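**Q** Below are the C-alpha cells for one structure; questions will follow.
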Amino acid sequence: MPKILCVVGARPNFMKLAPIYLKLKRDNDFNPVIVHTGQHYDYEMSQVFFEDLELPEPDHFLDVGSGSHAEQTGRIMIEFEKVLLKELPDLVMVFGDVNSTLSCSLAAKKLNIPVAHVEAGLRSFDETMPEEINRRLTDSISDLLFTPSRDGDDNLMKEGISKENTYFVGNIMIDSLVKVLGNIDEMYEKEMLVRHGLSAKEYALVTLHRPSNVDRKENLIRIIDFLGGLSGDLKILFPVHPRTSKNIQAFGLAETAGKIDILEPLRYKEFIVLLKNAKFVLTDSGGIQEETTYLDVPCLTLRNNTERPVTLTQGTNELVDMDNIGGKVKLILEGRWKRTRIPEFWDGGVSGRICSVLNDKWGAGAASISNVCQ
C-alpha cells in the first residue's frame, strides 16, 4: 500500500490537508501519514483546527518552533529527514508556500523521494516575499504539481515545467470550506453572532499579520487610526495575531484600538460564520481572498500584489492601500461592489481529482510512484 507523507506546518496548511487526507484514508489503496512540523504552534492556531476539520492527531510532530527563515528551514530539514528515513514513504505531499513546504520538499528530493505540491503555480512576482521564494523553488523540484487556477498552469509553463506533471484540479481550500459550511446550522450561526454582539452584514471583519502592515510603526498607526474612525459607521471585529497585539501595545495604540473589537484567534468554524456574515473583510491573508470570493463577501486586501489574481478578475477581492481604502469602503457601504463569480473547479471536488491523478500514476498494484514521476 503506497505511503504518502502529508506535511503541514502552519494554519492555512490544515485546511488544504484535511480533504485530501480524509479522501486518501477512505481509499484502501493509500496509507496517508500526517507530519506537523510545528512551524506555527499553539492550541488555538493548531489543535482546534484539527478538531474542526476532523483530522486525527499528527503521526509526527517535529516541534521546530519559530526563528529566522534560515534557522527554521534548517531545523525542519534536519528533523524531517529523520522521519523520511524512518517511514520510507513513496511520496511526500506538501501544501501552499510556508517554510515547511520548501524545507520538506528539499529533504525529500535529496533522498530521491518524489514530491507532490498542492497549490502549485501561484505567483505574486514579488521576491521580497518569503512565500514567493518558497513557491518558486518548491515547484521547480516537484514531480506532481496540482494547480488551483488556470493562471497557475500558465506560470509553470512559462518557467519550463513539464505540462505532463501539471494538473489543474481547482482550489483545495474550498473543499474544506464547503464541508464546514455543511456543518454549520442556523442555530450555531445565530449563536456565534449573538456571542459577539453582531447582526449579519452590519460589521467588518479584519485579519492582518504581514510584517509590512503590523511590524512597521507608521503603517500600523495608519491602519488602527483608519479602523478607529470607521468604527463610527459599523462595528469592526479584529481577531488579532499575537504579534499584531504585541505591536499595538508597543506602539502606544491601545486607546485607538479600544474602539475596535479585538478578539483572540478564532476556531475555523467560528471564523467562517463571521466571514460569511460580514459586510466586508479587510485582510492581508492569501486564503481569505479565496474564501470571500466563494462566499461572495467583498474583500479588501492590504497588499501591493496577490498570488491569487483570479480573486481580482473573477472574485470579490480588490487590492488596496491606505490612500485609496476609504473610497473602496464607501463603494461597499453604498452597495456598489463589483459583480463576481466563483472560479472554475472551486466546487468541493478537488480532493477527488487529486486522488484520481494519484491512482492513475500508481496504477493497479504498483508499489511505487517513483518511476512514473520522472
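Chain lettering (A, B, ...) mirrors the order of the C-alpha cells, residue numbering begins at 1 for each chain separately, and ligand numbering begins at 1 in order of display.
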Can you pull out every residue within 6 Å of segment 280-283 of chain A, counting only C-alpha atoms, but drop anything in the same chain fewer than 3 positions away, and send it as a list in words?
**A**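 Listing them by chain and then by number gives Ala204, Leu205, Val206, Thr207, Leu208, Val297, Pro298, Cys299, Leu300 and Thr301 of chain A.
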**Q** As a PyMOL selection string, list the residues of segment 88-222 of chain A assigned to strand (DSSP E or B) by DSSP on the backbone atoms of this structure.
**A** chain A and resi 91-95+115-118+144-147+166-168+203-207
**Q** Let me see the file: selected residues, C-alpha atoms, as a tab-separated table (two decimals), in the first residue's frame.
**A**
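Written file, part_15.tsv:
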chain	number	residue	atom	x	y	z
A	91	LEU	CA	5.54	10.21	-1.93
A	92	VAL	CA	5.77	13.44	0.09
A	93	MET	CA	2.83	15.81	-0.33
A	94	VAL	CA	3.32	19.48	0.59
A	95	PHE	CA	0.84	22.35	0.63
A	115	VAL	CA	7.18	15.34	-4.16
A	116	ALA	CA	3.63	16.46	-4.92
A	117	HIS	CA	2.85	20.16	-4.46
A	118	VAL	CA	-0.78	21.06	-3.79
A	144	LEU	CA	3.42	16.33	-9.39
A	145	LEU	CA	2.03	19.86	-9.45
A	146	PHE	CA	-1.63	20.46	-8.60
A	147	THR	CA	-2.80	23.96	-9.53
A	166	THR	CA	0.94	19.65	-14.07
A	167	TYR	CA	-2.72	19.13	-13.19
A	168	PHE	CA	-5.37	21.81	-12.92
A	203	TYR	CA	-19.82	44.70	10.75
A	204	ALA	CA	-16.44	44.45	9.08
A	205	LEU	CA	-14.01	41.61	9.76
A	206	VAL	CA	-10.27	42.38	9.86
A	207	THR	CA	-7.28	39.99	9.75
**Q** Could you tell me which of A:Cys355, A:Asp151, A:Lys235, A:Leu312 comes closest to Tyr21 of chain A if we count only C-alpha atoms?
**A**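 Comparing A:Cys355, A:Asp151, A:Lys235, A:Leu312 against Tyr21 of chain A, the winner is A:Cys355.
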**Q** Here is a test: counting only C-alpha atoms, which residue of A:Lys109, A:Arg123, A:His40, A:Lys3 is nearest to Leu24 of chain A?
**A**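 Counting only C-alpha atoms, the residue closest to Leu24 of chain A is A:Lys3.
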**Q** What's around Leu234 of chain A at 10 Å? Count only C-alpha atoms, leave out sequence neighbours fewer than 6 positions away in its own chain, and write the answer as a ChimeraX atom specification.
**A** /A:201-204,227,279,333
**Q** Write out as a list in words the residues lying within 10 Å of Glu132 of chain A, counting only C-alpha atoms and excluding same-chain residues fewer than 3 positions away.
**A**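 Listing them by chain and then by number gives Asp97, Val98, Leu122, Arg123, Ser124, Phe125, Asp126, Glu127, Thr128, Met129, Arg135, Arg136, Leu137, Thr138 and Glu307 of chain A.
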**Q** I need the residues from that last selection saved to file as a PDB file, in the first residue's frame (with N, CA and C atoms), if you can.
**A**
ATOM      1  N   ASP A  97       2.777  27.495   0.662  1.00  0.00           N
ATOM      2  CA  ASP A  97       4.012  28.238   0.416  1.00  0.00           C
ATOM      3  C   ASP A  97       4.773  28.636   1.675  1.00  0.00           C
ATOM      4  N   VAL A  98       4.541  27.932   2.779  1.00  0.00           N
ATOM      5  CA  VAL A  98       5.247  28.278   4.010  1.00  0.00           C
ATOM      6  C   VAL A  98       6.633  27.630   4.018  1.00  0.00           C
ATOM      7  N   LEU A 122       1.107  29.303  -8.165  1.00  0.00           N
ATOM      8  CA  LEU A 122       0.697  30.656  -7.777  1.00  0.00           C
ATOM      9  C   LEU A 122       1.925  31.567  -7.734  1.00  0.00           C
ATOM     10  N   ARG A 123       1.771  32.788  -8.204  1.00  0.00           N
ATOM     11  CA  ARG A 123       2.888  33.735  -8.248  1.00  0.00           C
ATOM     12  C   ARG A 123       2.409  35.154  -7.937  1.00  0.00           C
ATOM     13  N   SER A 124       3.129  35.820  -7.050  1.00  0.00           N
ATOM     14  CA  SER A 124       2.922  37.253  -6.824  1.00  0.00           C
ATOM     15  C   SER A 124       3.913  38.074  -7.631  1.00  0.00           C
ATOM     16  N   PHE A 125       4.994  37.414  -8.095  1.00  0.00           N
ATOM     17  CA  PHE A 125       6.101  38.058  -8.806  1.00  0.00           C
ATOM     18  C   PHE A 125       6.773  39.125  -7.944  1.00  0.00           C
ATOM     19  N   ASP A 126       6.735  38.890  -6.656  1.00  0.00           N
ATOM     20  CA  ASP A 126       7.368  39.796  -5.685  1.00  0.00           C
ATOM     21  C   ASP A 126       8.323  38.972  -4.836  1.00  0.00           C
ATOM     22  N   GLU A 127       9.604  39.007  -5.181  1.00  0.00           N
ATOM     23  CA  GLU A 127      10.569  38.167  -4.488  1.00  0.00           C
ATOM     24  C   GLU A 127      11.019  38.747  -3.152  1.00  0.00           C
ATOM     25  N   THR A 128      10.432  39.872  -2.731  1.00  0.00           N
ATOM     26  CA  THR A 128      10.666  40.342  -1.357  1.00  0.00           C
ATOM     27  C   THR A 128       9.816  39.555  -0.373  1.00  0.00           C
ATOM     28  N   MET A 129       8.859  38.786  -0.882  1.00  0.00           N
ATOM     29  CA  MET A 129       8.002  37.957  -0.035  1.00  0.00           C
ATOM     30  C   MET A 129       8.632  36.573   0.105  1.00  0.00           C
ATOM     31  N   ARG A 135       7.414  29.205  -3.006  1.00  0.00           N
ATOM     32  CA  ARG A 135       6.579  28.688  -4.098  1.00  0.00           C
ATOM     33  C   ARG A 135       7.425  28.308  -5.313  1.00  0.00           C
ATOM     34  N   ARG A 136       8.284  29.220  -5.727  1.00  0.00           N
ATOM     35  CA  ARG A 136       9.064  29.002  -6.942  1.00  0.00           C
ATOM     36  C   ARG A 136       9.993  27.785  -6.800  1.00  0.00           C
ATOM     37  N   LEU A 137      10.701  27.722  -5.677  1.00  0.00           N
ATOM     38  CA  LEU A 137      11.657  26.632  -5.501  1.00  0.00           C
ATOM     39  C   LEU A 137      10.956  25.290  -5.337  1.00  0.00           C
ATOM     40  N   THR A 138       9.867  25.268  -4.609  1.00  0.00           N
ATOM     41  CA  THR A 138       9.126  24.012  -4.445  1.00  0.00           C
ATOM     42  C   THR A 138       8.620  23.510  -5.783  1.00  0.00           C
ATOM     43  N   GLU A 307      -0.833  36.670  -5.091  1.00  0.00           N
ATOM     44  CA  GLU A 307      -0.533  35.462  -5.845  1.00  0.00           C
ATOM     45  C   GLU A 307      -1.813  34.762  -6.291  1.00  0.00           C
TER      46      GLU A 307
END
**Q** Compile the contact shell of Thr311 of chain A as a PyMOL selection string: residues with an atom at most 9 Å away, counting only C-alpha atoms, same-chain residues fewer than 6 positions apart removed.
**A** chain A and resi 289-290+292-293+317-318+342-343
**Q** Go ahead and write the selection's residues with N, CA and C atoms as a PDB file, in the first residue's frame.
**A**
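Saved as out-v7.pdb:
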ATOM      1  N   GLN A 289      -8.732  35.683   0.791  1.00  0.00           N
ATOM      2  CA  GLN A 289      -9.129  36.204  -0.524  1.00  0.00           C
ATOM      3  C   GLN A 289      -9.959  35.168  -1.275  1.00  0.00           C
ATOM      4  N   GLU A 290      -9.607  33.898  -1.096  1.00  0.00           N
ATOM      5  CA  GLU A 290     -10.310  32.812  -1.772  1.00  0.00           C
ATOM      6  C   GLU A 290     -11.652  32.527  -1.103  1.00  0.00           C
ATOM      7  N   THR A 292     -13.557  34.521   0.721  1.00  0.00           N
ATOM      8  CA  THR A 292     -14.525  35.591   0.482  1.00  0.00           C
ATOM      9  C   THR A 292     -15.065  35.532  -0.943  1.00  0.00           C
ATOM     10  N   THR A 293     -14.224  35.150  -1.906  1.00  0.00           N
ATOM     11  CA  THR A 293     -14.696  35.005  -3.281  1.00  0.00           C
ATOM     12  C   THR A 293     -15.782  33.936  -3.362  1.00  0.00           C
ATOM     13  N   ASN A 317     -12.420  40.266  -4.582  1.00  0.00           N
ATOM     14  CA  ASN A 317     -11.243  40.878  -3.987  1.00  0.00           C
ATOM     15  C   ASN A 317     -10.765  42.115  -4.756  1.00  0.00           C
ATOM     16  N   GLU A 318     -10.220  43.097  -4.011  1.00  0.00           N
ATOM     17  CA  GLU A 318      -9.528  44.243  -4.587  1.00  0.00           C
ATOM     18  C   GLU A 318      -8.304  44.541  -3.737  1.00  0.00           C
ATOM     19  N   ILE A 342     -17.831  32.474  -9.001  1.00  0.00           N
ATOM     20  CA  ILE A 342     -16.923  31.505  -8.400  1.00  0.00           C
ATOM     21  C   ILE A 342     -16.051  30.906  -9.498  1.00  0.00           C
ATOM     22  N   PRO A 343     -14.733  30.907  -9.338  1.00  0.00           N
ATOM     23  CA  PRO A 343     -13.833  30.383 -10.375  1.00  0.00           C
ATOM     24  C   PRO A 343     -14.036  28.884 -10.642  1.00  0.00           C
TER      25      PRO A 343
END
**Q** For each of A:Ala108, A:Val169, A:Leu302, A:Val83, take the minimum atom-to-atom distance to Leu319 of chain A, counting only C-alpha atoms, then give the residue where this is smallest.
**A**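 Of the candidates, the smallest distance to Leu319 of chain A is held by A:Leu302.
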**Q** Check the DSSP output for the backbone and give back, as a ChimeraX atom specification, the residues of segment 81-285 of chain A in alpha helix (DSSP H).
**A** /A:81-87,99-110,130-141,150-158,172-182,186-195,211-214,217-230,242-250,254-257,268-276
**Q** Applying 10 Å and only C-alpha atoms, which residues near segment 348-351 of chain A remain after dropping the ones on its own chain fewer than 6 positions away? List them as a VMD selection string.
**A** chain A and resid 16 to 24 146 148 168 to 179
**Q** Grab the residues selected above and save them as a PDB file, in the first residue's frame with C-alpha atoms.
**A**
ATOM      1  CA  LYS A  16      -5.610  22.135   2.468  1.00  0.00           C
ATOM      2  CA  LEU A  17      -4.591  18.857   4.082  1.00  0.00           C
ATOM      3  CA  ALA A  18      -7.929  17.818   5.571  1.00  0.00           C
ATOM      4  CA  PRO A  19      -9.987  16.896   2.483  1.00  0.00           C
ATOM      5  CA  ILE A  20      -7.101  15.069   0.801  1.00  0.00           C
ATOM      6  CA  TYR A  21      -6.108  13.160   3.934  1.00  0.00           C
ATOM      7  CA  LEU A  22      -9.687  12.054   4.598  1.00  0.00           C
ATOM      8  CA  LYS A  23     -10.130  11.014   0.961  1.00  0.00           C
ATOM      9  CA  LEU A  24      -6.857   9.041   0.967  1.00  0.00           C
ATOM     10  CA  PHE A 146      -1.627  20.457  -8.600  1.00  0.00           C
ATOM     11  CA  PRO A 148      -5.830  25.807  -8.098  1.00  0.00           C
ATOM     12  CA  PHE A 168      -5.373  21.807 -12.919  1.00  0.00           C
ATOM     13  CA  VAL A 169      -7.571  20.433 -10.139  1.00  0.00           C
ATOM     14  CA  GLY A 170      -9.063  23.559  -8.520  1.00  0.00           C
ATOM     15  CA  ASN A 171      -8.837  25.146  -5.098  1.00  0.00           C
ATOM     16  CA  ILE A 172      -8.442  22.633  -2.266  1.00  0.00           C
ATOM     17  CA  MET A 173      -9.282  25.299   0.351  1.00  0.00           C
ATOM     18  CA  ILE A 174     -12.829  25.315  -0.971  1.00  0.00           C
ATOM     19  CA  ASP A 175     -13.222  21.591  -0.220  1.00  0.00           C
ATOM     20  CA  SER A 176     -12.741  22.330   3.483  1.00  0.00           C
ATOM     21  CA  LEU A 177     -14.897  25.436   3.320  1.00  0.00           C
ATOM     22  CA  VAL A 178     -17.768  23.532   1.690  1.00  0.00           C
ATOM     23  CA  LYS A 179     -17.563  20.801   4.323  1.00  0.00           C
TER      24      LYS A 179
END
**Q** Tell me, as a ChimeraX atom specification, which residues lie within 10 Å of segment 188-192 of chain A, counting only C-alpha atoms; anything in the same chain fewer than 5 positions away does not count.
**A** /A:183,197-200,269-274,276-277
**Q** Ranking A:His209, A:Leu102, A:Met77, A:Pro242 by minimum distance to Ile133 of chain A and counting only C-alpha atoms, which one comes first?
**A**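 Of A:His209, A:Leu102, A:Met77, A:Pro242, the one nearest Ile133 of chain A, counting only C-alpha atoms, is A:Leu102.
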**Q** Choose the residue, out of A:Ser142, A:Thr313, A:Asn213, A:Asn99, that has the smallest atom-to-atom separation from Ser68 of chain A; count only C-alpha atoms.
**A**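 Nearest to Ser68 of chain A: A:Asn99.
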**Q** Nearest residue to Tyr268 of chain A out of A:Asp29, A:Asp233, A:Asp52, A:Asp347, using only C-alpha atoms?
**A**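 The shortest atom-to-atom distance to Tyr268 of chain A comes from A:Asp52.
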**Q** I'd like the interatomic distance between atom CA of Ser66 of chain A and atom CA of Gln39 of chain A, to a tenth of an Å.
**A**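 Separating atom CA of Ser66 of chain A from atom CA of Gln39 of chain A is a distance of 6.2 Å.
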